[in-house]
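Step one of this worksheet: look at the structure below.
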Amino acid sequence: MIGLIGGTGLLNFQGIEIIQRENFNTPYGKASDSFCLAKVENQTFIFIPRHGANHSIPPHLINYRANMWGLKKLGVTDVLAIATVGGISKNSQPNTIVIPDQILDYTYGREHTIFDGQSHPVEHIDFTLPYDLTLRDKVITYAKKVDFKCYSQGTYAAVQGPRLETAAEINRYEKDGATIVGMTGMPEASLAKELGLAYTAICPVVNFAAGRGDSQQGLSHEIITKNSEKLMTQLLSFVLGFIKDYGD
Ligand code: HPA
């Protein structure tokens, strides 16, 4: 079953049948919100808004462990993680979608592992290829099938937030190899690996990163939210189409 994690601009959705809301405690505390069992045609899936129902949880305070553990407990096998980003490189301009294939992690101080040596013995997972190849491939193939334009490569720089970056930081991330920047991609992706969940990120590019394009002199979170909402309608119909097609 698919688990869909909604990011900025995708907090809830109209027109989807919500069958049930699940609230439970996890070994890591409370998840961002209730887990919604939803249905699109014959496919059921689980939805959770990463930032809480009212976008009240900042990226560094999201209980990533509880969210991912809860998805696993509910029988999710494949996770589609919608995560808005700023565009750094030419292949990630605003109003495009990127399916990243690599990650650079600049976050700190987040509860980032279930293998803490206490509840679980220490284990060092392989993270060479952070996103699930099969799931990524299915998303990219579906995008081609329905003529939905997306870039099938990108390196996601996961930053701490909640502040946006300086232009110099973006230059540094670009030198490191990053093409997009966002605040929530980690530790979500590595926790998915630890839990044995197939995970892929779908990243709508909603603004030029700091110091790039029309963000030369600055950018605001209002612009990010406005652009996220605009892109989300289109993205949501793509994602729901994918979920309907999933398993066929
Ligand atoms: N930086 C970090 N996170 C983001 C951005 C950005 O420019 N846009 C959307 N999420």
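Each chain in the structure tokens gets a letter, A, B and so on, in the order shown; residues start at 1 in every chain, and ligands are counted from 1 in the order they appear.
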Which parts of stretch 68-117 of chain A does DSSP call helix (DSSP H, G or I) when run on the backbone here, written out as a PyMOL selection string? chain A and resi 68-73
Neighbours of ligand 1 within 9 Å, counting only C-alpha atoms and all ligand atoms, as a ChimeraX atom specification? /A:8,83-88,157-165,170,180-184,204-210,215,219,221,224-225,228
Nearest candidate to A:Ile114 (options A:Arg172, A:Lys72, A:Lys138, A:Arg65; using only C-alpha atoms):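 With only C-alpha atoms as the atom set, the closest residue is A:Arg65.
When only C-alpha atoms are used to compute distances to A:Ile140, the closest of the residues A:Thr200, A:Gln118, A:Thr96, A:Thr233 turns out to be A:Thr200.
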Go through A:Lys175, A:Leu240, A:Phe45, A:His60 one by one, measure the shortest atom-to-atom distance of each to A:Val76 using only C-alpha atoms, and give the residue with the smallest value.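 Result for the nearest residue to A:Val76: A:Phe45.
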Just the residues within 12 Å of A:Ile202, please, counting only C-alpha atoms, with nothing from its chain fewer than 6 positions along; format it as a VMD selection string. chain A and resid 4 to 7 79 to 85 96 to 101 131 135 to 136 139 to 140 143 150 to 154 156 180 182 184 to 185 189 232 235 to 236 238 to 239
With only C-alpha atoms as the counted atoms, please give the residues lying no more than 9 Å from A:Asp33, apart from itself and same-chain residues fewer than 5 positions off, as number ranges by chain. A: 23, 48-53, 67
I'd like to know which of A:Leu104, A:Ala192, A:Ile46, A:Leu37 is closest to A:Gly177, using only C-alpha atoms.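 Looking at the shortest contact to A:Gly177, the residue is A:Leu104.
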Between A:Pro121, A:Gly247, A:Pro27, A:Gly213, which has the minimum distance to A:Lys73 (counting only C-alpha atoms)?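 When distances to A:Lys73 are compared using only C-alpha atoms, the smallest one comes from A:Pro27.
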At a cut-off of 7 Å, using only C-alpha atoms, what residues contact A:Glu22? Leave out same-chain residues fewer than 5 positions from it and give the result as a PyMOL selection string. chain A and resi 34-36
Write out as number ranges by chain the set of residues from stretch 4-248 of chain A that DSSP, computed on the backbone, places in strand (DSSP E). A: 4-6, 17-22, 35-40, 43-49, 78-82, 85-87, 97-98, 102-105, 155-158, 180-182, 198-208
Report, in Å to a single decimal, how far apart atom CA of A:Phe242 and atom CA of A:Phe148 are.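 Result for atom CA of A:Phe148 versus atom CA of A:Phe242: 11.1 Å, one decimal.
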